[in-house]
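Listing of coords-v6.txt; format and content: compact mmCIF, C-alpha atoms.
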```
# COMPACT_ATOMS: atom_id res chain seq x y z
CA MET A 1 0.00 0.00 0.00
CA GLY A 2 2.84 2.39 0.81
CA TYR A 3 4.45 1.69 -2.56
CA LEU A 4 1.17 2.39 -4.34
CA ARG A 5 0.80 5.71 -2.54
CA HIS A 6 4.35 6.65 -3.50
CA TYR A 7 3.63 5.65 -7.11
CA LEU A 8 0.50 7.80 -7.22
CA SER A 9 2.20 10.76 -5.58
CA PHE A 10 5.26 10.65 -7.83
CA TYR A 11 4.03 9.54 -11.24
CA LEU A 12 0.41 10.67 -11.37
CA PRO A 13 1.11 14.44 -11.51
CA ARG A 14 3.71 13.85 -14.22
CA LEU A 15 1.24 11.79 -16.25
CA ILE A 16 -1.34 14.55 -15.85
CA LEU A 17 1.06 17.24 -17.08
CA SER A 18 2.31 15.03 -19.92
CA SER A 19 -1.29 14.50 -21.08
CA PHE A 20 -1.95 18.22 -20.84
CA LEU A 21 1.13 19.11 -22.91
CA ILE A 22 0.33 16.54 -25.60
CA CYS A 23 -3.26 17.79 -25.67
CA ILE A 24 -2.06 21.35 -26.26
CA LEU A 25 0.37 20.32 -29.01
CA SER A 26 -2.22 18.23 -30.85
CA GLY A 27 -4.76 21.02 -30.35
CA ILE A 28 -2.51 23.51 -32.15
CA PHE A 29 -2.74 21.39 -35.30
CA LEU A 30 -6.54 21.19 -35.03
CA THR A 31 -6.89 24.91 -34.29
CA ILE A 32 -5.07 25.77 -37.52
CA HIS A 33 -7.59 23.84 -39.62
CA TYR A 34 -10.76 24.47 -37.62
CA ARG A 35 -13.26 27.07 -38.85
CA PRO A 36 -15.82 28.16 -36.20
CA PHE A 37 -18.21 29.63 -38.79
CA GLY A 38 -20.36 28.13 -41.51
CA ASP A 39 -20.76 24.35 -41.71
CA VAL A 40 -18.72 23.38 -38.66
CA PHE A 41 -19.71 19.73 -38.83
CA ARG A 42 -18.35 19.48 -42.39
CA CYS A 43 -15.16 21.23 -41.29
CA VAL A 44 -14.61 18.66 -38.52
CA GLU A 45 -15.29 15.80 -40.93
CA GLU A 46 -12.76 17.27 -43.38
CA ILE A 47 -10.15 17.45 -40.62
CA THR A 48 -10.85 13.81 -39.79
CA THR A 49 -10.97 12.39 -43.32
CA VAL A 50 -9.26 14.82 -45.73
CA ILE A 51 -6.49 16.72 -43.91
CA PRO A 52 -3.31 14.56 -43.79
CA TYR A 53 -2.98 12.96 -40.35
CA GLY A 54 -6.03 14.90 -39.18
CA PHE A 55 -7.68 11.76 -37.84
CA PHE A 56 -4.56 10.99 -35.80
CA PHE A 57 -4.29 14.42 -34.21
CA ARG A 58 -8.01 14.50 -33.45
CA ARG A 59 -7.85 11.11 -31.76
CA LEU A 60 -4.72 12.08 -29.85
CA HIS A 61 -6.31 15.36 -28.74
CA TYR A 62 -9.44 13.57 -27.58
CA ILE A 63 -7.55 10.83 -25.71
CA THR A 64 -5.17 13.19 -23.92
CA GLY A 65 -7.95 15.60 -22.99
CA GLN A 66 -10.06 12.86 -21.46
CA LEU A 67 -7.02 11.30 -19.79
CA PHE A 68 -6.01 14.64 -18.30
CA VAL A 69 -9.42 15.13 -16.67
CA ILE A 70 -9.71 11.54 -15.41
CA LEU A 71 -6.20 11.50 -13.94
CA ALA A 72 -6.77 14.92 -12.36
CA LEU A 73 -9.91 13.56 -10.67
CA ILE A 74 -7.90 10.59 -9.38
CA HIS A 75 -5.28 13.03 -8.11
CA ILE A 76 -7.92 15.02 -6.22
CA GLY A 77 -9.39 11.77 -4.91
CA ASP A 78 -5.96 10.75 -3.65
CA HIS A 79 -5.69 14.03 -1.72
CA PHE A 80 -9.22 13.58 -0.41
CA PHE A 81 -8.87 10.04 0.93
CA ARG A 82 -5.38 10.60 2.38
CA ARG A 83 -6.44 13.97 3.81
CA THR A 84 -3.35 15.61 2.33
CA TYR A 85 -5.45 18.68 1.58
CA ARG A 86 -4.60 19.66 5.15
CA ARG A 87 -1.04 20.43 4.03
CA TYR A 88 -2.19 22.94 1.44
CA ARG A 89 -2.68 26.60 2.03
CA PHE A 90 -6.29 27.47 1.27
CA ARG A 91 -5.26 29.55 -1.73
CA ASP A 92 -3.30 26.67 -3.28
CA TRP A 93 -6.05 24.13 -2.61
CA LEU A 94 -8.64 26.49 -4.08
CA SER A 95 -6.50 26.92 -7.21
CA LEU A 96 -6.24 23.16 -7.60
CA ILE A 97 -10.00 22.64 -7.34
CA ALA A 98 -10.68 25.56 -9.68
CA SER A 99 -8.32 24.03 -12.23
CA ILE A 100 -10.46 20.86 -12.30
CA TYR A 101 -13.55 22.92 -13.05
CA ILE A 102 -11.68 24.80 -15.76
CA ALA A 103 -10.56 21.49 -17.28
CA PHE A 104 -14.16 20.28 -17.39
CA ALA A 105 -15.18 23.56 -19.04
CA ILE A 106 -12.47 23.10 -21.68
CA ILE A 107 -13.64 19.57 -22.44
CA PHE A 108 -17.27 20.73 -22.57
CA MET A 109 -16.45 23.54 -25.01
CA GLY A 110 -14.52 21.06 -27.14
CA PHE A 111 -17.58 18.81 -27.17
CA VAL A 112 -19.66 21.71 -28.48
CA LEU A 113 -17.07 22.44 -31.17
CA LYS A 114 -17.71 19.06 -32.80
CA GLY A 115 -20.59 20.80 -34.51
CA ASP A 116 -22.64 17.60 -34.63
CA LYS A 117 -26.08 17.00 -33.15
CA GLU A 118 -24.67 16.26 -29.69
CA GLY A 119 -22.39 19.30 -29.72
CA ILE A 120 -25.19 21.67 -30.75
CA PHE A 121 -27.47 20.07 -28.16
CA ALA A 122 -24.89 20.57 -25.38
CA GLY A 123 -24.30 24.17 -26.45
CA ASN A 124 -28.01 24.96 -26.36
CA ILE A 125 -28.34 23.40 -22.90
CA MET A 126 -25.51 25.60 -21.65
CA LEU A 127 -27.12 28.67 -23.25
CA ASN A 128 -30.51 27.94 -21.66
CA ILE A 129 -28.99 27.29 -18.22
CA ILE A 130 -27.18 30.63 -18.29
CA LYS A 131 -30.27 32.44 -19.54
CA GLY A 132 -32.21 30.93 -16.65
CA ILE A 133 -30.16 32.88 -14.08
CA PRO A 134 -32.53 35.47 -12.59
CA LEU A 135 -32.01 39.12 -13.54
CA ILE A 136 -28.65 38.75 -15.29
CA GLY A 137 -29.04 35.55 -17.34
CA ASN A 138 -29.94 37.13 -20.68
CA SER A 139 -27.26 39.78 -20.26
CA ILE A 140 -24.33 37.47 -19.51
CA SER A 141 -25.27 34.55 -21.78
CA GLY A 142 -23.68 36.34 -24.72
CA ILE A 143 -20.33 36.27 -22.92
CA PHE A 144 -20.17 32.48 -23.23
CA ILE A 145 -22.20 31.44 -26.27
CA ARG A 146 -24.51 33.13 -28.76
CA GLU A 147 -27.28 31.97 -31.01
CA GLY A 148 -27.03 32.17 -34.78
CA GLU A 149 -24.02 32.26 -37.07
CA GLY A 150 -21.55 32.87 -34.24
CA PHE A 151 -22.75 29.90 -32.16
CA PHE A 152 -19.31 28.22 -32.19
CA TRP A 153 -17.12 31.33 -32.12
CA LEU A 154 -17.05 31.96 -28.36
CA PRO A 155 -16.70 28.25 -27.45
CA PHE A 156 -13.79 28.21 -29.90
CA LEU A 157 -12.09 31.13 -28.15
CA TYR A 158 -12.68 29.64 -24.69
CA HIS A 159 -11.57 26.13 -25.66
CA CYS A 160 -8.46 27.10 -27.61
CA PHE A 161 -7.17 30.20 -25.86
CA ILE A 162 -8.91 31.65 -22.81
CA LEU A 163 -9.55 28.60 -20.62
CA PRO A 164 -6.18 26.88 -21.30
CA LEU A 165 -4.46 30.12 -20.29
CA PHE A 166 -6.44 30.22 -17.03
CA LEU A 167 -5.65 26.56 -16.44
CA ILE A 168 -1.93 27.22 -16.77
CA ILE A 169 -2.18 30.20 -14.40
CA PHE A 170 -4.06 28.21 -11.76
CA THR A 171 -1.73 25.21 -11.96
CA ARG A 172 1.57 27.05 -12.39
CA ARG A 173 2.86 25.84 -9.02
CA HIS A 174 2.11 22.24 -9.92
CA ILE A 175 3.66 22.69 -13.36
CA HIS A 176 6.84 24.05 -11.78
CA ASN A 177 7.06 21.21 -9.24
CA TRP A 178 5.90 18.26 -11.36
CA LEU A 179 7.01 19.04 -14.90
CA PRO A 180 8.03 15.67 -16.42
CA ASN A 181 11.56 15.21 -17.70
CA ARG A 182 12.20 14.72 -21.40
CA GLY A 183 12.50 10.93 -21.24
CA PHE A 184 9.27 10.44 -19.31
CA PHE A 185 7.41 12.80 -21.64
CA LEU A 186 8.69 10.99 -24.75
CA TYR A 187 7.64 7.59 -23.39
CA VAL A 188 4.14 8.86 -22.62
CA THR A 189 3.91 10.55 -26.03
CA LEU A 190 4.99 7.37 -27.81
CA PHE A 191 2.51 5.22 -25.91
CA LEU A 192 -0.46 7.56 -26.38
CA SER A 193 0.40 8.16 -30.05
CA THR A 194 0.45 4.43 -30.68
CA PHE A 195 -2.84 4.05 -28.85
CA ALA A 196 -4.37 6.89 -30.91
CA VAL A 197 -3.62 5.05 -34.17
CA PHE A 198 -5.90 2.16 -33.17
CA PHE A 199 -8.41 4.05 -31.02
CA LYS A 200 -11.92 4.58 -32.38
CA MET A 201 -13.59 7.81 -31.34
CA PRO A 202 -17.32 8.06 -30.63
CA MET A 203 -19.18 8.58 -33.89
CA ASP A 204 -20.19 12.13 -34.82
CA ILE A 205 -23.93 12.51 -35.45
CA PRO A 206 -24.90 14.78 -38.38
CA PRO A 207 -26.89 17.81 -37.15
CA ASP A 208 -29.94 16.88 -39.24
CA ALA A 209 -29.92 13.18 -38.26
CA VAL A 210 -32.93 11.71 -36.45
CA VAL A 211 -31.82 9.80 -33.34
CA PRO A 212 -33.83 8.54 -30.33
CA THR A 213 -31.62 10.20 -27.71
CA VAL A 214 -28.97 12.92 -27.69
CA LYS A 215 -26.45 13.06 -24.86
CA GLY A 216 -23.80 15.46 -23.66
CA PRO A 217 -20.25 14.55 -22.57
CA TRP A 218 -19.94 11.75 -20.00
CA PHE A 219 -19.28 14.02 -17.01
CA PHE A 220 -22.35 16.12 -17.91
CA LEU A 221 -24.80 13.21 -18.01
CA GLY A 222 -25.65 13.50 -14.32
CA ILE A 223 -26.54 17.17 -14.70
CA GLN A 224 -28.43 16.39 -17.91
CA LYS A 225 -30.56 13.87 -16.00
CA CYS A 226 -31.11 16.29 -13.12
CA LEU A 227 -32.32 18.93 -15.60
CA THR A 228 -35.33 16.70 -16.32
CA LYS A 229 -36.23 16.37 -12.63
CA ILE A 230 -35.39 19.64 -10.87
CA PRO A 231 -35.26 23.34 -11.86
CA PRO A 232 -32.45 24.08 -14.37
CA LEU A 233 -30.97 26.81 -12.19
CA PHE A 234 -30.37 24.37 -9.36
CA ALA A 235 -29.31 21.43 -11.56
CA GLY A 236 -27.01 23.33 -13.89
CA ILE A 237 -25.53 25.93 -11.54
CA GLY A 238 -26.53 25.21 -7.95
CA ILE A 239 -25.20 21.65 -7.80
CA PRO A 240 -21.77 22.38 -9.36
CA ILE A 241 -21.26 25.50 -7.23
CA SER A 242 -22.33 23.72 -4.03
CA PHE A 243 -19.89 20.88 -4.67
CA PHE A 244 -17.12 23.39 -5.45
CA VAL A 245 -17.74 25.25 -2.19
CA LEU A 246 -17.77 22.05 -0.14
CA ILE A 247 -14.58 20.57 -1.54
CA SER A 248 -12.84 23.96 -1.32
CA LEU A 249 -13.76 24.53 2.32
CA ILE A 250 -12.66 21.08 3.44
CA SER A 251 -9.06 22.32 3.68
CA LEU A 252 -10.18 24.84 6.33
CA SER A 253 -12.41 22.52 8.32
CA LYS A 254 -11.54 20.49 11.40
CA GLY A 255 -13.20 17.98 13.69
CA TYR A 256 -16.90 17.36 13.22
CA LEU A 257 -17.20 19.93 10.42
CA GLU A 258 -14.50 18.19 8.41
CA TRP A 259 -16.21 14.84 9.00
CA PHE A 260 -19.55 16.27 7.84
CA ILE A 261 -18.10 17.84 4.69
CA ARG A 262 -16.10 14.71 3.80
CA TYR A 263 -19.13 12.42 4.00
CA THR A 264 -21.36 14.92 2.20
CA ILE A 265 -18.87 15.08 -0.66
CA LEU A 266 -18.52 11.30 -0.71
CA ILE A 267 -22.28 10.69 -0.78
CA PHE A 268 -22.77 13.33 -3.46
CA ALA A 269 -19.98 11.85 -5.61
CA ILE A 270 -21.39 8.32 -5.30
CA ILE A 271 -24.91 9.41 -6.24
CA TYR A 272 -23.69 11.50 -9.16
CA GLY A 273 -21.44 8.66 -10.33
CA ILE A 274 -24.33 6.18 -10.27
CA ILE A 275 -26.57 8.57 -12.24
CA THR A 276 -23.78 9.12 -14.78
CA ILE A 277 -23.18 5.39 -15.25
CA LEU A 278 -26.90 4.68 -15.67
CA GLU A 279 -27.26 7.48 -18.22
CA TYR A 280 -24.12 6.46 -20.11
CA ARG A 281 -25.42 2.94 -20.77
```
Can the structure from this file be put into structure tokens for me?
Amino acid sequence: MGYLRHYLSFYLPRLILSSFLICILSGIFLTIHYRPFGDVFRCVEEITTVIPYGFFFRRLHYITGQLFVILALIHIGDHFFRRTYRRYRFRDWLSLIASIYIAFAIIFMGFVLKGDKEGIFAGNIMLNIIKGIPLIGNSISGIFIREGEGFFWLPFLYHCFILPLFLIIFTRRHIHNWLPNRGFFLYVTLFLSTFAVFFKMPMDIPPDAVVPTVKGPWFFLGIQKCLTKIPPLFAGIGIPISFFVLISLISLSKGYLEWFIRYTILIFAIIYGIITILEYR
């Protein structure tokens, strides 16, 4: 058990940063060829089938993005179960938790940028959730996504430039401490590149296709289900913010309060995980 903890503590952050770096490098290639206006779905299909090695870079970008988020969640879980969040200053712990949320936002925006039926569906859900915020919803919705011809423009800017920059700022201390050496990075790159050659991505659904169900990204499925049962404002904004506040404050809590927050987070995560798995099937 001690060896496993050492392995997680030493190699996991380096794997996370390696995935992030590969994701950025593969994303540069895709950004050059992506057009956020007009027929976006056709543009994505051209990148996948016409542009030389486009399919490879798209698969690699998808794999490393998903791997980055999953490994980051495991990293947070490791801190949670070992209670090592107690060693962090509140500011540093808050930055780490915020970086996870930013990573999810990046993946979500990338999902929208597919331009297929699922991407458009997810973008419209996000737009409606923001518009549902009392008093300011209609005013601030245009900061994140807009209807019409420019539907993909703002998600493009957030996914490719704004959110990655914020992610680097929030994780700069981790990047400085856990930046992988050249050999480790090359091994990870070689392995993931080989895997990308044989990996099959989820099929893109044409925007005009008729399908029985349309789903968002895997981590959004729990919220998507909640949106059908409870008010959108609570499901789409209240739940994520409440979880963020709880897991952020745990580094400041002690005694009974820490126990209460820990078990609240654990119960919430289990319930959300079960809902996600049931919806994913």
**Request:** For Ile237 of chain A, work out the shell of residues within 10 Å, counting all atoms listed in the file and skipping chain neighbours fewer than 2 positions away, then give it as a count of residues only.
**Result:** 13
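Restricting the calculation to all atoms listed in the file, the smallest distance between Asp92 of chain A and any of A:Phe260, A:Phe198, A:Tyr272, A:Phe170 is found for A:Phe170.
Ranking A:Ile145, A:Val245, A:Ile274, A:Lys114 by their shortest atom-to-atom distance to Ile97 of chain A, with all atoms listed in the file included, puts A:Val245 first.
Reported to one decimal place, the separation of atom CA of Ala105 of chain A from atom CA of Leu163 of chain A is 7.7 Å.
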**Message:** So the first atom is atom CA of Gly54 of chain A and the second is atom CA of Gly27 of chain A; what is the distance between them in Å, to one decimal place?
**Reply:** 10.8 Å
Can you put N, CA and C atoms back into segment 50-74 of chain A and show it as a PDB file, in the coordinates of the input?
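Result written to result_5.pdb:
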```pdb
ATOM      1  N   VAL A  50      -9.951  14.240 -44.557  1.00  0.00           N
ATOM      2  CA  VAL A  50      -9.260  14.820 -45.730  1.00  0.00           C
ATOM      3  C   VAL A  50      -7.871  15.349 -45.381  1.00  0.00           C
ATOM      4  N   ILE A  51      -7.774  16.129 -44.303  1.00  0.00           N
ATOM      5  CA  ILE A  51      -6.490  16.720 -43.910  1.00  0.00           C
ATOM      6  C   ILE A  51      -5.508  15.590 -43.564  1.00  0.00           C
ATOM      7  N   PRO A  52      -4.296  15.609 -44.120  1.00  0.00           N
ATOM      8  CA  PRO A  52      -3.310  14.560 -43.790  1.00  0.00           C
ATOM      9  C   PRO A  52      -3.064  14.468 -42.280  1.00  0.00           C
ATOM     10  N   TYR A  53      -3.186  13.271 -41.760  1.00  0.00           N
ATOM     11  CA  TYR A  53      -2.980  12.960 -40.350  1.00  0.00           C
ATOM     12  C   TYR A  53      -3.993  13.647 -39.422  1.00  0.00           C
ATOM     13  N   GLY A  54      -5.024  14.226 -40.004  1.00  0.00           N
ATOM     14  CA  GLY A  54      -6.030  14.900 -39.180  1.00  0.00           C
ATOM     15  C   GLY A  54      -6.712  13.954 -38.225  1.00  0.00           C
ATOM     16  N   PHE A  55      -7.019  12.746 -38.701  1.00  0.00           N
ATOM     17  CA  PHE A  55      -7.680  11.760 -37.840  1.00  0.00           C
ATOM     18  C   PHE A  55      -6.803  11.426 -36.625  1.00  0.00           C
ATOM     19  N   PHE A  56      -5.482  11.336 -36.880  1.00  0.00           N
ATOM     20  CA  PHE A  56      -4.560  10.990 -35.800  1.00  0.00           C
ATOM     21  C   PHE A  56      -4.512  12.073 -34.735  1.00  0.00           C
ATOM     22  N   PHE A  57      -4.381  13.322 -35.175  1.00  0.00           N
ATOM     23  CA  PHE A  57      -4.290  14.420 -34.210  1.00  0.00           C
ATOM     24  C   PHE A  57      -5.614  14.623 -33.475  1.00  0.00           C
ATOM     25  N   ARG A  58      -6.721  14.371 -34.144  1.00  0.00           N
ATOM     26  CA  ARG A  58      -8.010  14.500 -33.450  1.00  0.00           C
ATOM     27  C   ARG A  58      -8.167  13.415 -32.399  1.00  0.00           C
ATOM     28  N   ARG A  59      -7.790  12.195 -32.745  1.00  0.00           N
ATOM     29  CA  ARG A  59      -7.850  11.110 -31.760  1.00  0.00           C
ATOM     30  C   ARG A  59      -6.912  11.378 -30.593  1.00  0.00           C
ATOM     31  N   LEU A  60      -5.704  11.817 -30.902  1.00  0.00           N
ATOM     32  CA  LEU A  60      -4.720  12.080 -29.850  1.00  0.00           C
ATOM     33  C   LEU A  60      -5.203  13.205 -28.937  1.00  0.00           C
ATOM     34  N   HIS A  61      -5.798  14.230 -29.528  1.00  0.00           N
ATOM     35  CA  HIS A  61      -6.310  15.360 -28.740  1.00  0.00           C
ATOM     36  C   HIS A  61      -7.450  14.902 -27.830  1.00  0.00           C
ATOM     37  N   TYR A  62      -8.319  14.081 -28.370  1.00  0.00           N
ATOM     38  CA  TYR A  62      -9.440  13.570 -27.580  1.00  0.00           C
ATOM     39  C   TYR A  62      -8.954  12.685 -26.436  1.00  0.00           C
ATOM     40  N   ILE A  63      -8.056  11.766 -26.730  1.00  0.00           N
ATOM     41  CA  ILE A  63      -7.550  10.830 -25.710  1.00  0.00           C
ATOM     42  C   ILE A  63      -6.850  11.578 -24.583  1.00  0.00           C
ATOM     43  N   THR A  64      -5.952  12.491 -24.939  1.00  0.00           N
ATOM     44  CA  THR A  64      -5.170  13.190 -23.920  1.00  0.00           C
ATOM     45  C   THR A  64      -6.034  14.146 -23.106  1.00  0.00           C
ATOM     46  N   GLY A  65      -7.041  14.737 -23.736  1.00  0.00           N
ATOM     47  CA  GLY A  65      -7.950  15.600 -22.990  1.00  0.00           C
ATOM     48  C   GLY A  65      -8.755  14.821 -21.960  1.00  0.00           C
ATOM     49  N   GLN A  66      -9.301  13.689 -22.389  1.00  0.00           N
ATOM     50  CA  GLN A  66     -10.060  12.860 -21.460  1.00  0.00           C
ATOM     51  C   GLN A  66      -9.154  12.296 -20.364  1.00  0.00           C
ATOM     52  N   LEU A  67      -7.951  11.869 -20.755  1.00  0.00           N
ATOM     53  CA  LEU A  67      -7.020  11.300 -19.790  1.00  0.00           C
ATOM     54  C   LEU A  67      -6.605  12.342 -18.754  1.00  0.00           C
ATOM     55  N   PHE A  68      -6.388  13.565 -19.210  1.00  0.00           N
ATOM     56  CA  PHE A  68      -6.010  14.640 -18.300  1.00  0.00           C
ATOM     57  C   PHE A  68      -7.068  14.842 -17.222  1.00  0.00           C
ATOM     58  N   VAL A  69      -8.336  14.897 -17.630  1.00  0.00           N
ATOM     59  CA  VAL A  69      -9.420  15.130 -16.670  1.00  0.00           C
ATOM     60  C   VAL A  69      -9.570  13.945 -15.723  1.00  0.00           C
ATOM     61  N   ILE A  70      -9.531  12.731 -16.254  1.00  0.00           N
ATOM     62  CA  ILE A  70      -9.710  11.540 -15.410  1.00  0.00           C
ATOM     63  C   ILE A  70      -8.576  11.411 -14.403  1.00  0.00           C
ATOM     64  N   LEU A  71      -7.336  11.598 -14.856  1.00  0.00           N
ATOM     65  CA  LEU A  71      -6.200  11.500 -13.940  1.00  0.00           C
ATOM     66  C   LEU A  71      -6.217  12.622 -12.904  1.00  0.00           C
ATOM     67  N   ALA A  72      -6.669  13.809 -13.316  1.00  0.00           N
ATOM     68  CA  ALA A  72      -6.770  14.920 -12.360  1.00  0.00           C
ATOM     69  C   ALA A  72      -7.804  14.608 -11.279  1.00  0.00           C
ATOM     70  N   LEU A  73      -8.906  13.967 -11.658  1.00  0.00           N
ATOM     71  CA  LEU A  73      -9.910  13.560 -10.670  1.00  0.00           C
ATOM     72  C   LEU A  73      -9.326  12.529  -9.707  1.00  0.00           C
ATOM     73  N   ILE A  74      -8.553  11.580 -10.241  1.00  0.00           N
ATOM     74  CA  ILE A  74      -7.900  10.590  -9.380  1.00  0.00           C
ATOM     75  C   ILE A  74      -6.934  11.277  -8.426  1.00  0.00           C
TER      76      ILE A  74
END
```
